[in-house]
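Encoded as structure tokens, the structure appears first; notes follow it.
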Amino acid sequence: MTTTATASLRKTALNHVHRRMGAKMVDFGGWDMPLEYSGILSEHDAVRNRAGIFDVSHMGEIEIRGREALDLVQWVSCNDASKLAIGQAHYSGLMTDRGTFVDDILVHKLSDDHYFLCVNASNQDRDFEHIVERNRYGAEVENTGPRYSQLAIQGPRALEILQPLASVPISPIRYYHFTFGKVSGVDCLIARTGYTGEDGFEIYFDPAHSEKLWSQILSAGESFGLIPCGLGARNTLRLESGMALYGHEIDETTTPLEAGLSWICKLGKGPFLGSGLISEQKKSGIRRKLVGFEMQDKRIGRDGYRVLVNGEETGRVTSGGPAPFLKKNIGMAYVPAGSAEPGTPIEIEIRASAVPARVVPLPFYKRRG
Amino acid sequence: MYPSDYRYTKDHEWIKADGSTGTIGITDYAQAQLGDVVFVESPKVGAKLKAGATFGTVESVKAVSEIYSPVSGEVTEINAALADAPEKINSDPHGDAWLIKVRLDDPKELNALMDSVAYQAYIAEKDKEHAS
């Protein structure tokens with residue numbers, strides 16, 4: 001069912017295009033977004049085997065500038081931005097003073113005094129206020145969300161599809177690096193990043209060119225099997241790749257250590273918001289841990305379902321559902337640290353039945369080739 | 001699209017009855033709403049059904065949808081093909097992807113259900129509601 005948007009839902013510049021293309025629309029964090037076009041399974045398959053294009057213009061951007069820019073980025077985030085080269089990006093957490101997540105973000109270093117953060121759509125205003133409030137360095141902080149549209153082109157054929165449209169060679173852009181160039185004549189920040197577990201690019205540009213870029217890339221990609229993809233497939237792809245979703249695997253109650261994200265948590269870089277509590281937790285040991293699990297039959301353990309370890313409820317599924325490429329049903333959940341070993345049997349409560357599942361290593365899916 | 005010899009419910013189930021036996025499934029409208037079907041939870045043969053009560057679920061990638069029985073009766077057969085090919089519900093909801101066969105307690109219950117014409121008017125109205 002496709003509804004017309006209520007006046008209060010925010011829209012990207014491509015909203016009318018999605019509706020014209022017959023996308024099923026959904027309210028995502030206050031945004032009227034495409035859930036699916038040809039179907040979630042079809043779109044998931046396209047990204048794993050060919051390519052898909054996503055309108056992710058709802059994502060937010062925050063830019064931090066000035067001599068003190070690095071100081072501020074270092075203070076509010078857990079990864080070590082001092083290790084970034086110009087043209088490099090990393091995954092990080094925006095932290096509370098309790099060592100938990102305000103958001104998960106991508107930090108791009110444009111220059112010594114200019115950092116470009118990509119943040120979650122539903123958190124952009126909160127993130128901005130948080131950074132402004134913690135700006136003890138006098139750096140310039142700007143909420144630049146309205147300045148950018150963002151498209152993600154993801155899949156093994158994404159490079160072949162985009163290269164002819166790009167004014168610069170994009171093959172040399174290494175994973176988690178970016179450059180500036182034109183795509184279909186439009187100035188873009190072209191980043192080799194993504195939320196699908198496949199190779200691909202995310203491009204940021206002036207919203208005025210949204211329709212042109214969307215249709216040109218779709219057109220260029222047609223013979224390669226590129227199709228438009230919505231938030232439904234975005235979710236199945238990231239879940240299958242074991243990637244966290246804010247509000248599910250991470251939130252203001254979880255630390256990077258519990259969430260399996262110690263690899264982005266650089267306690268050695270010096271103090272940052274919450275680093276003291278995280279260090280303490282590291283010393284005393286985490287009491288719960290985020291794990292992946294696999295259902296043992298065809299029943300599906302979904303978001304919010306109770307998790308049982310040795311018959312006792314230990315928490316709830318943070319994300320769960322079908323893994324279309326792997327042809328399994330998977331999910332993630334926090335379990336007591338002692339029950340986090342792969343192979344540990346657990347149960348998921350599905351409509352009053354305790355259904356068997358098993359802890360498995362993350363990620364569920366790794367990119368092939 | 002909506003066979004004239006079927007009867008339909010407000011929750012988008014259909015029943016094709018022949019005296020006191022019937023076949024039950026979900027409609028094309030329902031499968032379009034659901035999106036890709038990935039799992040079907042069926043009752044067991046012999047299970048008792050009550051008109052309007054839930055007898056199973058059809059699950060899509062994103063959601064679990066309960067199925068309500070159009071009639072009272074007893075389950076005589078379940079469609080085993082759906083266990084390995086739940087996507088049949090998307091491709092052939094009115095035919096190959098029937099969910100269960102039943103023995104009706106009271107064929108007069110069918111009179112309370114919509115015929116094909118009424119059902120099509122009903123879903124057209126629903127689409128209009130969604131668009132406003």
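Here's how to read the names in the structure tokens: chain A, B, ... by the order shown, residue numbers from 1 in each chain, ligand numbers from 1 in the order shown.
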Contact set, chain A to chain B: 12 Å, only C-alpha atoms, as a ChimeraX atom specification: /A:1-7,19,23-26,35-44,231-233,235-236,297-303,319-324,327-330,350-351
Residues of range 15-130 of chain B in strand (DSSP E), written as number ranges by chain: B: 15-18, 21-26, 37-41, 48-49, 54-60, 64-68, 73-78, 100-104
Residue neighbourhood Lys50 in chain B, 8 Å, only C-alpha atoms, exclusion window fewer than 5 positions, as a PyMOL selection string: chain B and resi 69+71-73
Restrict the selected residues to C-alpha atoms and save them as a compact mmCIF listing (two decimals), in the first residue's frame.
```txt
# COMPACT_ATOMS: atom_id res chain seq x y z
CA SER B 69 -10.53 -18.35 9.52
CA VAL B 71 -15.53 -20.29 8.82
CA SER B 72 -15.85 -22.71 11.72
CA GLY B 73 -14.73 -26.24 11.06
```
Which neighbours of Thr23 in chain B fall inside 10 Å, counting only C-alpha atoms, when residues of the same chain fewer than 4 positions from it are skipped, and could you give them as a PDB file with C-alpha atoms, in the first residue's frame?
```pdb
ATOM      1  CA  TYR B   6     -14.774 -17.638  -3.899  1.00  0.00           C
ATOM      2  CA  TRP B  14     -10.644 -16.302   0.610  1.00  0.00           C
ATOM      3  CA  ILE B  15     -12.580 -19.543   0.808  1.00  0.00           C
ATOM      4  CA  LYS B  16     -13.689 -21.756  -2.023  1.00  0.00           C
ATOM      5  CA  ALA B  17     -16.450 -23.967  -0.683  1.00  0.00           C
ATOM      6  CA  ASP B  18     -18.105 -27.017  -2.149  1.00  0.00           C
ATOM      7  CA  VAL B  75      -8.553 -28.662   9.189  1.00  0.00           C
ATOM      8  CA  THR B  76      -8.394 -31.668   6.850  1.00  0.00           C
ATOM      9  CA  GLU B  77      -5.253 -30.847   4.866  1.00  0.00           C
ATOM     10  CA  ILE B  78      -2.429 -28.324   4.875  1.00  0.00           C
ATOM     11  CA  HIS B  94      -5.625 -17.815  -5.276  1.00  0.00           C
ATOM     12  CA  GLY B  95      -4.503 -21.152  -6.670  1.00  0.00           C
ATOM     13  CA  TRP B  98      -3.922 -22.322  -0.844  1.00  0.00           C
ATOM     14  CA  LEU B  99      -3.174 -22.639   2.869  1.00  0.00           C
ATOM     15  CA  ILE B 100      -5.569 -25.262   4.245  1.00  0.00           C
ATOM     16  CA  LYS B 101      -8.522 -27.424   3.359  1.00  0.00           C
ATOM     17  CA  VAL B 102     -11.386 -27.617   5.832  1.00  0.00           C
ATOM     18  CA  ARG B 103     -14.571 -29.406   6.672  1.00  0.00           C
TER      19      ARG B 103
END
```
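Residue nearest Val102 in chain A, chosen from A:Phe180, A:Tyr175, A:Phe128, A:Trp263 and counting only C-alpha atoms: A:Phe128.
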Residue nearest Ala121 in chain A - candidates A:Val186, A:Ile62, A:Ala85, A:Val73, atoms counted: only C-alpha atoms: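 Closest candidate: A:Ile62.
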Residue nearest Gly66 in chain A - candidates A:Arg50, A:His114, A:Arg20, A:Lys366, atoms counted: only C-alpha atoms: A:His114
Selected residue, from A:Val47, A:Met59, A:Leu159, A:Ile286, that lies nearest to Arg10 in chain A when counting only C-alpha atoms: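 Comparing A:Val47, A:Met59, A:Leu159, A:Ile286 against Arg10 in chain A, the winner is A:Met59.
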Those in chain B with helix (DSSP H, G or I) from DSSP, as a PyMOL selection string: chain B and resi 28-34+81-84+88-91+107-112+116-131
Using only N, CA and C atoms, please write the residues we just selected to a file, as an mmCIF file, in the first residue's frame.
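Saved to selection.cif:
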```
data_model
loop_
_atom_site.group_PDB
_atom_site.id
_atom_site.type_symbol
_atom_site.label_atom_id
_atom_site.label_comp_id
_atom_site.auth_asym_id
_atom_site.auth_seq_id
_atom_site.Cartn_x
_atom_site.Cartn_y
_atom_site.Cartn_z
ATOM 1 N N ASP B 28 -4.844 -11.869 -3.307
ATOM 2 C CA ASP B 28 -3.785 -11.162 -4.010
ATOM 3 C C ASP B 28 -3.511 -9.807 -3.343
ATOM 4 N N TYR B 29 -4.564 -9.153 -2.891
ATOM 5 C CA TYR B 29 -4.409 -7.869 -2.205
ATOM 6 C C TYR B 29 -3.537 -8.051 -0.968
ATOM 7 N N ALA B 30 -3.799 -9.123 -0.224
ATOM 8 C CA ALA B 30 -3.024 -9.391 1.001
ATOM 9 C C ALA B 30 -1.559 -9.621 0.677
ATOM 10 N N GLN B 31 -1.285 -10.445 -0.363
ATOM 11 C CA GLN B 31 0.125 -10.752 -0.643
ATOM 12 C C GLN B 31 0.852 -9.499 -1.138
ATOM 13 N N ALA B 32 0.147 -8.627 -1.862
ATOM 14 C CA ALA B 32 0.784 -7.396 -2.334
ATOM 15 C C ALA B 32 1.132 -6.491 -1.157
ATOM 16 N N GLN B 33 0.245 -6.446 -0.168
ATOM 17 C CA GLN B 33 0.505 -5.664 1.045
ATOM 18 C C GLN B 33 1.718 -6.207 1.799
ATOM 19 N N LEU B 34 1.792 -7.551 1.875
ATOM 20 C CA LEU B 34 2.823 -8.195 2.684
ATOM 21 C C LEU B 34 4.213 -8.038 2.094
ATOM 22 N N ALA B 81 3.498 -27.794 0.205
ATOM 23 C CA ALA B 81 4.429 -27.123 -0.717
ATOM 24 C C ALA B 81 4.913 -25.780 -0.178
ATOM 25 N N LEU B 82 4.115 -25.184 0.708
ATOM 26 C CA LEU B 82 4.475 -23.845 1.184
ATOM 27 C C LEU B 82 5.666 -23.858 2.143
ATOM 28 N N ALA B 83 5.958 -25.023 2.702
ATOM 29 C CA ALA B 83 7.091 -25.091 3.643
ATOM 30 C C ALA B 83 8.398 -24.751 2.936
ATOM 31 N N ASP B 84 8.566 -25.305 1.731
ATOM 32 C CA ASP B 84 9.798 -25.049 0.977
ATOM 33 C C ASP B 84 9.670 -23.917 -0.026
ATOM 34 N N LYS B 88 5.278 -18.933 -3.201
ATOM 35 C CA LYS B 88 4.105 -19.233 -4.031
ATOM 36 C C LYS B 88 2.936 -18.330 -3.646
ATOM 37 N N ILE B 89 2.920 -17.912 -2.400
ATOM 38 C CA ILE B 89 1.827 -17.053 -1.945
ATOM 39 C C ILE B 89 1.847 -15.739 -2.704
ATOM 40 N N ASN B 90 3.041 -15.278 -3.076
ATOM 41 C CA ASN B 90 3.124 -14.053 -3.865
ATOM 42 C C ASN B 90 2.741 -14.309 -5.324
ATOM 43 N N SER B 91 3.153 -15.462 -5.860
ATOM 44 C CA SER B 91 2.947 -15.682 -7.293
ATOM 45 C C SER B 91 1.582 -16.285 -7.622
ATOM 46 N N PRO B 107 -22.115 -24.555 6.526
ATOM 47 C CA PRO B 107 -21.960 -23.829 5.259
ATOM 48 C C PRO B 107 -22.732 -22.510 5.219
ATOM 49 N N LYS B 108 -23.725 -22.334 6.086
ATOM 50 C CA LYS B 108 -24.487 -21.063 6.087
ATOM 51 C C LYS B 108 -23.592 -19.893 6.491
ATOM 52 N N GLU B 109 -22.485 -20.175 7.164
ATOM 53 C CA GLU B 109 -21.552 -19.098 7.554
ATOM 54 C C GLU B 109 -21.023 -18.362 6.332
ATOM 55 N N LEU B 110 -21.008 -19.038 5.185
ATOM 56 C CA LEU B 110 -20.489 -18.424 3.962
ATOM 57 C C LEU B 110 -21.297 -17.197 3.558
ATOM 58 N N ASN B 111 -22.562 -17.197 3.931
ATOM 59 C CA ASN B 111 -23.440 -16.093 3.540
ATOM 60 C C ASN B 111 -22.996 -14.762 4.145
ATOM 61 N N ALA B 112 -22.260 -14.846 5.252
ATOM 62 C CA ALA B 112 -21.808 -13.617 5.919
ATOM 63 C C ALA B 112 -20.597 -13.008 5.217
ATOM 64 N N SER B 116 -17.135 -11.821 -4.795
ATOM 65 C CA SER B 116 -16.034 -11.220 -5.544
ATOM 66 C C SER B 116 -16.259 -9.733 -5.824
ATOM 67 N N VAL B 117 -17.478 -9.400 -6.190
ATOM 68 C CA VAL B 117 -17.807 -8.000 -6.519
ATOM 69 C C VAL B 117 -17.678 -7.118 -5.277
ATOM 70 N N ALA B 118 -18.263 -7.579 -4.190
ATOM 71 C CA ALA B 118 -18.216 -6.814 -2.936
ATOM 72 C C ALA B 118 -16.773 -6.675 -2.455
ATOM 73 N N TYR B 119 -15.979 -7.745 -2.603
ATOM 74 C CA TYR B 119 -14.592 -7.681 -2.134
ATOM 75 C C TYR B 119 -13.794 -6.673 -2.952
ATOM 76 N N GLN B 120 -13.989 -6.669 -4.238
ATOM 77 C CA GLN B 120 -13.246 -5.733 -5.070
ATOM 78 C C GLN B 120 -13.617 -4.290 -4.749
ATOM 79 N N ALA B 121 -14.888 -4.082 -4.447
ATOM 80 C CA ALA B 121 -15.321 -2.735 -4.037
ATOM 81 C C ALA B 121 -14.674 -2.386 -2.695
ATOM 82 N N TYR B 122 -14.608 -3.375 -1.820
ATOM 83 C CA TYR B 122 -14.020 -3.185 -0.487
ATOM 84 C C TYR B 122 -12.560 -2.775 -0.586
ATOM 85 N N ILE B 123 -11.773 -3.470 -1.410
ATOM 86 C CA ILE B 123 -10.354 -3.134 -1.490
ATOM 87 C C ILE B 123 -10.127 -1.829 -2.263
ATOM 88 N N ALA B 124 -11.035 -1.531 -3.191
ATOM 89 C CA ALA B 124 -10.913 -0.250 -3.891
ATOM 90 C C ALA B 124 -11.108 0.887 -2.895
ATOM 91 N N GLU B 125 -12.045 0.695 -1.986
ATOM 92 C CA GLU B 125 -12.309 1.690 -0.939
ATOM 93 C C GLU B 125 -11.099 1.819 -0.026
ATOM 94 N N LYS B 126 -10.477 0.696 0.312
ATOM 95 C CA LYS B 126 -9.290 0.699 1.185
ATOM 96 C C LYS B 126 -8.148 1.465 0.532
ATOM 97 N N ASP B 127 -7.989 1.257 -0.775
ATOM 98 C CA ASP B 127 -6.917 1.954 -1.489
ATOM 99 C C ASP B 127 -7.156 3.459 -1.488
ATOM 100 N N LYS B 128 -8.433 3.818 -1.600
ATOM 101 C CA LYS B 128 -8.767 5.254 -1.591
ATOM 102 C C LYS B 128 -8.474 5.859 -0.230
ATOM 103 N N GLU B 129 -8.823 5.103 0.808
ATOM 104 C CA GLU B 129 -8.570 5.574 2.189
ATOM 105 C C GLU B 129 -7.074 5.830 2.378
ATOM 106 N N HIS B 130 -6.267 4.891 1.893
ATOM 107 C CA HIS B 130 -4.810 5.009 2.065
ATOM 108 C C HIS B 130 -4.257 6.192 1.299
ATOM 109 N N ALA B 131 -4.920 6.523 0.216
ATOM 110 C CA ALA B 131 -4.403 7.606 -0.617
ATOM 111 C C ALA B 131 -4.847 8.979 -0.121
#
```
Range 193-204 of chain A surroundings by only C-alpha atoms, 9 Å radius, close-in-sequence under 6 positions cut, as a PyMOL selection string: chain A and resi 47-48+51+56-57+89+148-159+162+175-178+183+187+233-243+365-368
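Residues lying within 6 Å of range 244-261 of chain A, counting only C-alpha atoms and ignoring same-chain neighbours fewer than 5 positions away, are Gly99, Thr100, Phe101, Val102, Lys289, Leu290 and Thr318 of chain A.
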For the selection you just gave me, I'd like the residues written to a file as a CSV table (one decimal), in the first residue's frame, keeping C-alpha atoms.
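Here's the written file again_2.csv:
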```csv
chain,number,residue,atom,x,y,z
A,99,GLY,CA,30.8,5.7,27.4
A,100,THR,CA,27.7,4.8,25.5
A,101,PHE,CA,26.5,5.7,22.0
A,102,VAL,CA,24.7,8.9,21.0
A,289,LYS,CA,28.1,-9.2,24.8
A,290,LEU,CA,26.4,-8.7,21.4
A,318,THR,CA,18.1,-6.5,18.7
```
Interatomic distance, CA of Ala354 in chain A to CA of Gly311 in chain A (Å, one decimal):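 Interatomic distance, CA of Ala354 in chain A to CA of Gly311 in chain A: 8.6 Å.
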d(CA of Ser65 in chain B, CA of Phe28 in chain A) in Å: 20.5 Å
Residue nearest Met332 in chain A - candidates A:Ile131, A:Val291, A:Val107, A:Val359, atoms counted: only C-alpha atoms: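 Result for the nearest residue to Met332 in chain A: A:Val291.
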Point-to-point distance in Å for CA of Ala191 in chain A and CA of Asp71 in chain A: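 According to the coordinates, CA of Asp71 in chain A and CA of Ala191 in chain A are separated by 23.7 Å.
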